[in-house]
file coords01.cif (mmCIF, C-alpha atoms)
data_upload
loop_
_atom_site.label_atom_id
_atom_site.label_comp_id
_atom_site.auth_asym_id
_atom_site.auth_seq_id
_atom_site.Cartn_x
_atom_site.Cartn_y
_atom_site.Cartn_z
CA MET A 125 27.06 -0.74 -38.46
CA ALA A 126 27.89 0.26 -34.84
CA LYS A 127 31.59 -0.31 -35.59
CA ASP A 128 31.43 2.00 -38.63
CA LEU A 129 29.81 4.71 -36.55
CA ASP A 130 32.51 4.38 -33.86
CA GLU A 131 35.23 4.72 -36.48
CA LEU A 132 33.61 7.85 -37.93
CA LEU A 133 33.29 9.39 -34.47
CA ASP A 134 36.96 8.63 -33.74
CA GLU A 135 37.88 10.31 -37.01
CA VAL A 136 35.86 13.40 -36.06
CA GLU A 137 37.51 13.54 -32.64
CA SER A 138 41.01 13.16 -34.04
CA LYS A 139 40.46 15.86 -36.65
CA PHE A 140 38.46 18.45 -34.82
CA CYS A 141 38.71 17.93 -31.07
CA ARG A 142 42.52 17.96 -30.74
CA PRO A 143 44.62 21.09 -31.43
CA ASP A 144 47.02 20.97 -34.36
CA PRO A 145 50.49 21.91 -32.98
CA LEU A 146 51.59 23.29 -36.35
CA ARG A 147 48.57 25.59 -36.62
CA VAL A 148 48.86 26.67 -33.00
CA GLY A 149 52.50 27.58 -33.63
CA MET A 150 51.52 29.63 -36.68
CA ALA A 151 48.85 31.41 -34.70
CA GLU A 152 51.25 32.32 -31.92
CA ARG A 153 54.01 33.49 -34.26
CA PRO A 154 54.12 37.30 -34.25
CA THR A 155 53.63 38.81 -37.69
CA GLY A 156 54.67 42.40 -37.06
CA TYR A 157 58.43 42.18 -36.60
CA GLY A 158 60.32 44.96 -38.29
CA GLY A 159 58.86 48.27 -39.39
CA GLY A 160 57.51 50.87 -37.02
CA GLY A 161 54.57 49.06 -35.42
CA GLY A 162 56.32 48.38 -32.12
CA VAL A 163 55.15 46.01 -29.42
CA LEU A 164 51.49 47.13 -29.52
CA SER A 165 51.34 46.61 -33.27
CA ASN A 166 52.83 43.14 -32.94
CA ASP A 167 50.32 42.19 -30.23
CA ARG A 168 47.40 43.52 -32.29
CA ASN A 169 48.52 41.67 -35.39
CA ARG A 170 49.01 38.48 -33.41
CA ASP A 171 45.52 38.73 -31.86
CA GLU A 172 43.97 39.38 -35.27
CA ALA A 173 45.80 36.40 -36.74
CA LYS A 174 44.55 34.16 -33.93
CA GLU A 175 40.97 35.36 -34.36
CA ASN A 176 41.08 34.84 -38.12
CA LEU A 177 42.52 31.36 -37.62
CA ARG A 178 39.80 30.46 -35.11
CA SER A 179 37.04 31.65 -37.46
CA THR A 180 38.51 29.76 -40.38
CA GLU A 181 38.89 26.57 -38.33
CA ARG A 182 35.36 26.86 -36.94
CA PHE A 183 33.76 27.15 -40.36
CA LYS A 184 35.96 24.35 -41.69
CA LYS A 185 34.95 22.07 -38.82
CA GLU A 186 31.26 22.78 -39.36
CA ASP A 187 31.55 22.04 -43.07
CA ASP A 188 33.50 18.84 -42.46
CA LEU A 189 31.04 17.67 -39.78
CA ASP A 190 28.13 18.26 -42.15
CA SER A 191 29.94 16.27 -44.80
CA LEU A 192 30.57 13.37 -42.39
CA ILE A 193 26.94 13.33 -41.27
CA ASN A 194 25.79 13.27 -44.87
CA GLU A 195 28.19 10.40 -45.57
CA ILE A 196 26.72 8.41 -42.67
CA PHE A 197 23.16 8.80 -43.90
CA GLU A 198 24.13 8.14 -47.50
CA ASP A 199 25.92 4.92 -46.53
CA PRO A 200 23.97 2.03 -48.15
CA ASN A 201 24.45 -0.05 -44.98
CA PHE A 202 22.73 2.58 -42.86
CA ASP A 203 19.06 1.60 -42.50
CA LYS A 204 16.98 4.71 -41.85
CA LYS A 205 13.71 2.79 -41.83
CA SER A 206 14.72 0.71 -38.83
CA PHE A 207 15.13 3.85 -36.74
CA LYS A 208 11.78 5.25 -37.87
CA LEU A 209 9.97 1.97 -37.27
CA LYS A 210 11.51 1.63 -33.84
CA SER A 211 10.39 5.11 -32.90
CA LYS A 212 6.85 4.46 -34.15
CA SER A 213 6.71 1.12 -32.36
CA SER A 214 7.72 2.73 -29.05
CA ALA A 215 5.10 5.43 -29.49
CA ASN A 216 2.39 2.88 -30.29
CA THR A 217 3.34 0.81 -27.24
CA SER A 218 3.02 3.89 -25.02
CA VAL A 219 -0.37 4.74 -26.50
CA ARG A 220 -1.60 1.16 -26.02
CA ALA A 221 -0.41 1.16 -22.40
CA SER A 222 -2.22 4.47 -21.78
CA ILE A 223 -5.45 3.16 -23.32
CA GLN A 224 -5.30 -0.08 -21.35
CA GLY A 225 -4.93 1.95 -18.16
CA PHE A 226 -8.50 3.22 -18.66
CA GLY A 227 -10.38 -0.08 -18.06
CA LYS A 228 -14.09 -0.57 -18.44
CA SER A 229 -16.37 -1.02 -15.43
CA CYS A 230 -19.55 -3.03 -15.10
CA SER A 231 -22.75 -1.02 -14.94
CA PRO A 232 -24.70 -2.43 -13.26
CA VAL A 233 -22.55 -4.96 -11.37
CA TYR A 234 -23.94 -8.51 -11.34
CA LEU A 235 -23.25 -11.60 -9.26
CA GLY A 236 -24.28 -14.95 -10.67
CA GLY A 237 -24.29 -18.71 -10.33
CA SER A 238 -21.90 -20.96 -12.24
CA THR A 239 -24.17 -20.94 -15.29
CA ALA A 240 -23.98 -17.14 -15.61
CA PRO A 241 -21.26 -15.99 -18.04
CA CYS A 242 -18.52 -13.77 -16.61
CA GLY A 243 -17.33 -10.49 -18.08
CA ILE A 244 -18.33 -6.84 -18.29
CA GLY A 245 -21.93 -6.47 -17.18
CA THR A 246 -24.28 -3.95 -18.79
CA THR A 247 -28.04 -3.51 -18.97
CA THR A 248 -28.04 -5.25 -22.35
CA SER A 249 -25.30 -7.81 -21.58
CA GLN A 250 -25.98 -9.29 -18.18
CA ARG A 251 -22.71 -10.91 -17.14
CA ALA A 252 -21.35 -11.69 -13.68
CA CYS A 253 -18.40 -9.46 -12.82
CA ASP A 254 -15.20 -11.42 -12.26
CA ARG A 255 -13.13 -8.37 -11.25
CA LEU A 256 -14.78 -7.57 -7.93
CA ARG A 257 -12.90 -5.73 -5.20
CA CYS A 258 -14.00 -4.99 -1.64
CA ILE A 259 -13.58 -1.36 -0.58
CA ALA A 260 -13.99 -2.33 3.09
CA CYS A 261 -11.09 -4.80 3.43
CA ASP A 262 -9.30 -3.87 0.15
CA PHE A 263 -9.18 -7.52 -1.01
CA TRP A 264 -10.03 -8.89 -4.43
CA VAL A 265 -13.15 -11.05 -4.32
CA VAL A 266 -12.56 -14.72 -5.12
CA SER A 267 -15.22 -16.99 -6.62
CA TYR A 268 -15.56 -20.75 -7.02
CA ASP A 269 -17.96 -22.32 -9.50
CA ASP A 270 -20.24 -25.16 -8.40
CA TYR A 271 -19.44 -24.55 -4.74
CA MET A 272 -21.36 -23.03 -1.81
CA TRP A 273 -20.11 -21.86 1.58
CA ASP A 274 -20.77 -24.03 4.58
CA ARG A 275 -23.20 -22.62 7.14
CA SER A 276 -20.45 -22.63 9.78
CA CYS A 277 -18.43 -19.92 8.00
CA ASP A 278 -17.75 -16.79 10.02
CA TYR A 279 -15.80 -13.56 9.81
CA LEU A 280 -12.69 -14.92 11.55
CA PHE A 281 -12.47 -17.85 9.13
CA PHE A 282 -12.14 -15.55 6.12
CA ARG A 283 -10.03 -13.06 8.03
CA ASN A 284 -7.43 -15.73 8.78
CA ASN A 285 -7.55 -17.78 5.57
CA MET A 286 -8.10 -15.42 2.62
CA PRO A 287 -7.09 -15.81 -0.14
CA GLU A 288 -5.53 -19.30 0.21
CA PHE A 289 -7.76 -21.82 -1.56
CA HIS A 290 -6.27 -24.84 0.23
CA LYS A 291 -7.47 -23.27 3.49
CA LEU A 292 -10.79 -21.98 2.20
CA LYS A 293 -11.81 -25.31 0.67
CA THR A 294 -12.36 -26.73 4.14
CA LYS A 295 -15.59 -24.70 4.20
CA LEU A 296 -16.59 -25.19 0.57
CA VAL A 297 -19.40 -27.61 -0.26
CA LYS A 298 -20.00 -28.94 -3.76
CA LYS A 299 -23.27 -27.78 -5.29
CA LYS A 300 -23.87 -27.63 -9.03
CA GLY A 301 -25.08 -24.32 -10.42
CA THR A 302 -23.91 -22.17 -7.52
CA ARG A 303 -20.95 -19.83 -7.23
CA ALA A 304 -19.24 -19.07 -3.91
CA TYR A 305 -17.92 -15.49 -3.53
CA ALA A 306 -15.73 -14.15 -0.71
CA CYS A 307 -13.39 -11.36 0.32
CA GLN A 308 -11.70 -11.04 3.71
CA CYS A 309 -14.77 -9.63 5.44
CA SER A 310 -17.84 -10.88 3.49
CA TRP A 311 -19.00 -13.99 1.66
CA ARG A 312 -22.00 -15.05 -0.41
CA THR A 313 -23.35 -18.11 -2.23
CA ILE A 314 -25.19 -17.10 -5.42
CA GLU A 315 -27.42 -19.23 -7.64
CA GLU A 316 -29.22 -16.72 -9.89
CA LEU A 317 -28.02 -13.56 -11.64
CA THR A 318 -28.26 -10.83 -9.01
CA ASP A 319 -27.75 -7.06 -9.16
CA LEU A 320 -25.11 -6.21 -6.57
CA GLN A 321 -26.99 -3.05 -5.58
CA THR A 322 -29.79 -5.15 -4.07
CA ASP A 323 -27.39 -6.39 -1.36
CA HIS A 324 -26.73 -3.27 0.72
CA GLN A 325 -24.38 -4.99 3.15
CA LEU A 326 -21.74 -5.81 0.54
CA ARG A 327 -19.02 -3.22 -0.15
CA TRP A 328 -17.96 -4.80 -3.43
CA VAL A 329 -17.30 -2.79 -6.57
CA CYS A 330 -16.12 -3.59 -10.09
CA GLY A 331 -12.33 -3.31 -10.14
CA LYS A 332 -12.35 -2.58 -13.91
CA HIS A 333 -11.68 -5.04 -16.69
#

call {"tool": "encode", "arguments": {"input": "coords01.cif", "output": "structure tokens"}}
result
Amino acid sequence: MAKDLDELLDEVESKFCRPDPLRVGMAERPTGYGGGGGVLSNDRNRDEAKENLRSTERFKKEDDLDSLINEIFEDPNFDKKSFKLKSKSSANTSVRASIQGFGKSCSPVYLGGSTAPCGIGTTTSQRACDRLRCIACDFWVVSYDDYMWDRSCDYLFFRNNMPEFHKLKTKLVKKKGTRAYACQCSWRTIEELTDLQTDHQLRWVCGKH
């Protein structure tokens, strides 16, 4: 199909975008020789002939271009639906991307042990948020099920090792039912479902789902 379109465009260019030497010669040929018109009459007649020729050619080109365009769309091999579907598909993709940009946030935000389901927390659906972000250090909060943090953990440990699990695991202790949370500046071990607002020291927020 692309080859057919190229051939039609070449045909249009050859017919309408290049001057016809024969017609140019006719346009430039003076028409007022003889008689009493003189030089001014010859020039006027020549200009009028050129203008008439230009008008005629312009209308002819427009008519021929319309005919070629109609031929393209009437060609049985030209699939109009594919172009319409592609356009609609692109529009739908853009709409979906825009909608996905407006994520949902937990309200309230819950922390929980390993038995607490993760997801979007609400007052009716109490789920532990798994999209936590710290607004103090600007790190995503990591969590590890059935682990607790060792008592020897300190600020420098997380500052130097976040978010590499192979480094953090040196301070993780196995404990069923717990969930170990940490960012670069804070850490917690949680066993029961807990409203984040009850811990005033944490600067964690839901980063939207």

call {"tool": "resolve_selection", "arguments": {"input": "coords01.cif", "expression": "the PyMOL selection byres ((chain A and resi 244) around 8)", "output": "PyMOL selection string"}}
result
chain A and resi 228-230+242-243+245-246+249+251-253+333

call {"tool": "atom_distance", "arguments": {"input": "coords01.cif", "atom1": "atom CA of A:Ser310", "atom2": "atom CA of A:Thr248"}}
result
28.3 Å

call {"tool": "resolve_selection", "arguments": {"input": "coords01.cif", "expression": "the PyMOL selection byres ((chain A and resi 234-239) around 9)", "output": "MDAnalysis selection string"}}
result
chainID A and resid 230:233 240:242 245:246 250:254 268:271 300:305 313:321

call {"tool": "axis_aligned_box", "arguments": {"input": "coords01.cif", "around": "stretch 248-267 of chain A", "padding_each_side": "6 Å", "output": "JSON"}}
result
{"center_x": -18.6, "center_y": -9.2, "center_z": -9.5, "size_x": 30.9, "size_y": 27.6, "size_z": 37.8}

call {"tool": "resolve_selection", "arguments": {"input": "coords01.cif", "expression": "the PyMOL selection byres ((chain A and resi 283) around 10)", "output": "VMD selection string"}}
result
chain A and resid 261 278 to 282 284 to 287 307 to 310

call {"tool": "atom_distance", "arguments": {"input": "coords01.cif", "atom1": "atom CA of A:Gly331", "atom2": "atom CA of A:Ser267"}}
result
14.4 Å

call {"tool": "atom_distance", "arguments": {"input": "coords01.cif", "atom1": "atom CA of A:Val297", "atom2": "atom CA of A:Val329"}}
result
25.7 Å

call {"tool": "closest_residue", "arguments": {"input": "coords01.cif", "among": "A:Cys258, A:Lys299, A:Arg312, A:Phe289", "to": "A:Cys277", "atoms": "only C-alpha atoms"}}
result
A:Arg312
